[in-house]
Every structure is written in structure tokens, then in C-alpha cells.
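Enquirer: Dropping a structure here in C-alpha cells format, bear with me for questions.
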Amino acid sequence: MAATLRVVLGIDDASKLTLPCGIPDTVEQLKGEIQRHFGLSGAFRLQYRDTELDNEYVNLTATSEIKDKSTVKVIMLPNTSELDARTSVCSSSSSLTDTDILSSPESTSSESPSLRSQPWPQTFPIPQFSYEVQLQLEKANRDFENSGILLNPHSKLKSDILESLASEIVKYKVYPSSLEFDDVAQALITKHPCLKEQGSVSGFYGWKISLKYKMANYRTRLRNIGCPELRINSLKEKRAEVNYCPDYPAGETEDSLEQERQALLLEVKKKNH
């Protein structure tokens with residue numbers, strides 16, 4: 001027997017979830033349905049309103065505690081590896097601040113593509129998606145213009161959109177701020193109004209949350225394939241995050257650069273004498 005749940009994804013952001021086969025037998029199965037339907041990534045837990053506790057939210061431990069038309073709330077859990085990677089020492093006597101060092105053709109080897117080659121734009125440019133995604137969005141945008149119908153993207157479509165956005169974001173920043181995630185999500189629904197979220201005050205809160213977790217996964221993938229700018233940030237023992245670590249110039253090594261530095265120092269000493 002089919003069931004319908006109200007799923008709360010954040011402040012002023014709730015959506016309807018229809019379960020054609022009814023409420024799953026286990027909490028993990030229900031979480032899987034929610035994850036696929038809303039395109040969520042990363043760890044989360046579920047809460048429900050307990051009538052015995054004045055309808056306060058408590059953790060959901062068994063699906064027998066909810067029924068058709070119940071409300072469940074998604075609580076996203078922090079990614080511990082990301083938190084470790086971004087830990088900074090607050091007890092330092094001097095204040096350390098993050099600095100965005102923009103890469104340039106002179107500072108980046110042609111054989112090794114670099115992240116953040118451009119400053120953060122005033123208006124984030126939404127990339128051209130794959131042909132299949134563009135077809136679906138163009139049709140949905142026409143439907144929205146004609147009848148006001150919003151698109152409820154299936155998990156594959158939502159994942160493809162988030163993947164393309166993450167790939168575009170890293171051209172500017174590896175760790176965008178909350179406001180910068182707002183910029184991206186706002187730009188997305190401006191270009192493709194069919195993707196606005198019904199029931200959300202901003203119209204894009206769910207996209208913002210999904211994008212945050214997609215970026216966390218994207219950074220992990222880049223780090224695992226040897227991205228130098230993320231490799232150094234993965235070190236556990238560090239005083240502050242290093243935002244940019246350029247490769248050595250083409251044909252140079254640490255030893256060759258040190259020899260050149262020593263030679264330059266020697267020349268300076270000769271001139272001073």
C-alpha cells in the first residue's frame with residue numbers, strides 16, 4: 001500500500017515523498033529512498049515527531065514509529081574527514097587567515113592543470129550541461145513558462161547537475177563559503193526556473209545543501225587522484241589550511257630550485273662586497 005511522507009530538509013524547506021510500495025521495513029531502507037529521491041550525499045539521520053513527547057522531534061530508530069502522512073526530518077551529519085582537514089589552531093598568539101592565491105600561467109606548469117585560476121565571479125556562470133541534461137531542462141523550462149509546473153528532478157538528473165556545478169566551482173574555489181554556495185544555487189534557478197523548490201523561501205535551499213555535500217565528495221575524489229592543492233590540505237598536523245600549493249615549474253625540482261636560490265644569494269653577496 002502506497003504511503004506519503006513529509007520530508008523536512010531544512011529551515012522553511014519541506015517536500016513530499018511518495019512511497020509506492022509503502023513505508024520500508026527498516027530505517028536504512030527509508031534513508032536510501034530519501035537519498036535517491038532528493039539527491040542527498042553524505043551521512044545523515046532521520047527524526048520524527050513523537051506524539052508522546054508533545055510532537056517534539058526525536059531520532060527515528062524503527063519505521064514502525066511512523067505511518068502514512070507522518071513528518072520526518074533529515075539531519076545532515078558532518079563529514080569528519082573534512083572537519084579534520086580544515087582544522088586550524090585557535091590558540092596561536094598571532095591570528096592566521098586564509099589567503100586565496102590565484103594561479104597564473106607563470107606559476108602553474110602546463111602539464112598540471114591548476115584549480116582556482118580565476119577570482120570568484122559577481123554572477124556565477126552556470127555551465128552548459130550534457131546534451132541529455134540540457135534537453136530535459138529545456139523542456140521543463142518551457143513547461144514552467146506555459147503552466148508554472150516545477151520540475152522534480154530524479155536522482156540521476158540531479159546528480160548530473162550537481163557534478164557539473166562542482167566541476168565549475170573548483171575553477172574559482174575549493175572551499176566555497178556559505179554565501180558563495182548561495183550564489184551558485186541562485187544562479188542555477190535563475191537560469192533554469194523549473195528547478196525552483198516548492199515550499200522553500202529562497203527557492204534553492206535544498207540545492208545549496210546538496211551542493212555542499214557534492215563538493216565534499218568532489219574534493220575527496222580530487223585528493224585521491226593526486227590533486228596537489230588538496231593533497232597538502234589532507235595533512236592532519238598543520239597550523240592552518242593552505243589554499244594553494246603550485247607545482248614546480250616545468251623541468252624544475254626542489255633540489256634545482258634550491259641550487260638556483262643559493263646561486264642568487266652568492267651573486268648578491270658578491271655585489272655587496
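Labeling convention for the C-alpha cells: chains A, B, ... as they appear, residues from 1 per chain, ligands from 1 in order of appearance.
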What's around Lys212 of chain A at 12 Å? Count only C-alpha atoms, leave out sequence neighbours fewer than 5 positions away in its own chain, and write the answer as a PyMOL selection string.

Expert: chain A and resi 39-42+76+78-79+82+162-163+165-166+169+174-182+184-185+205-207+217-219
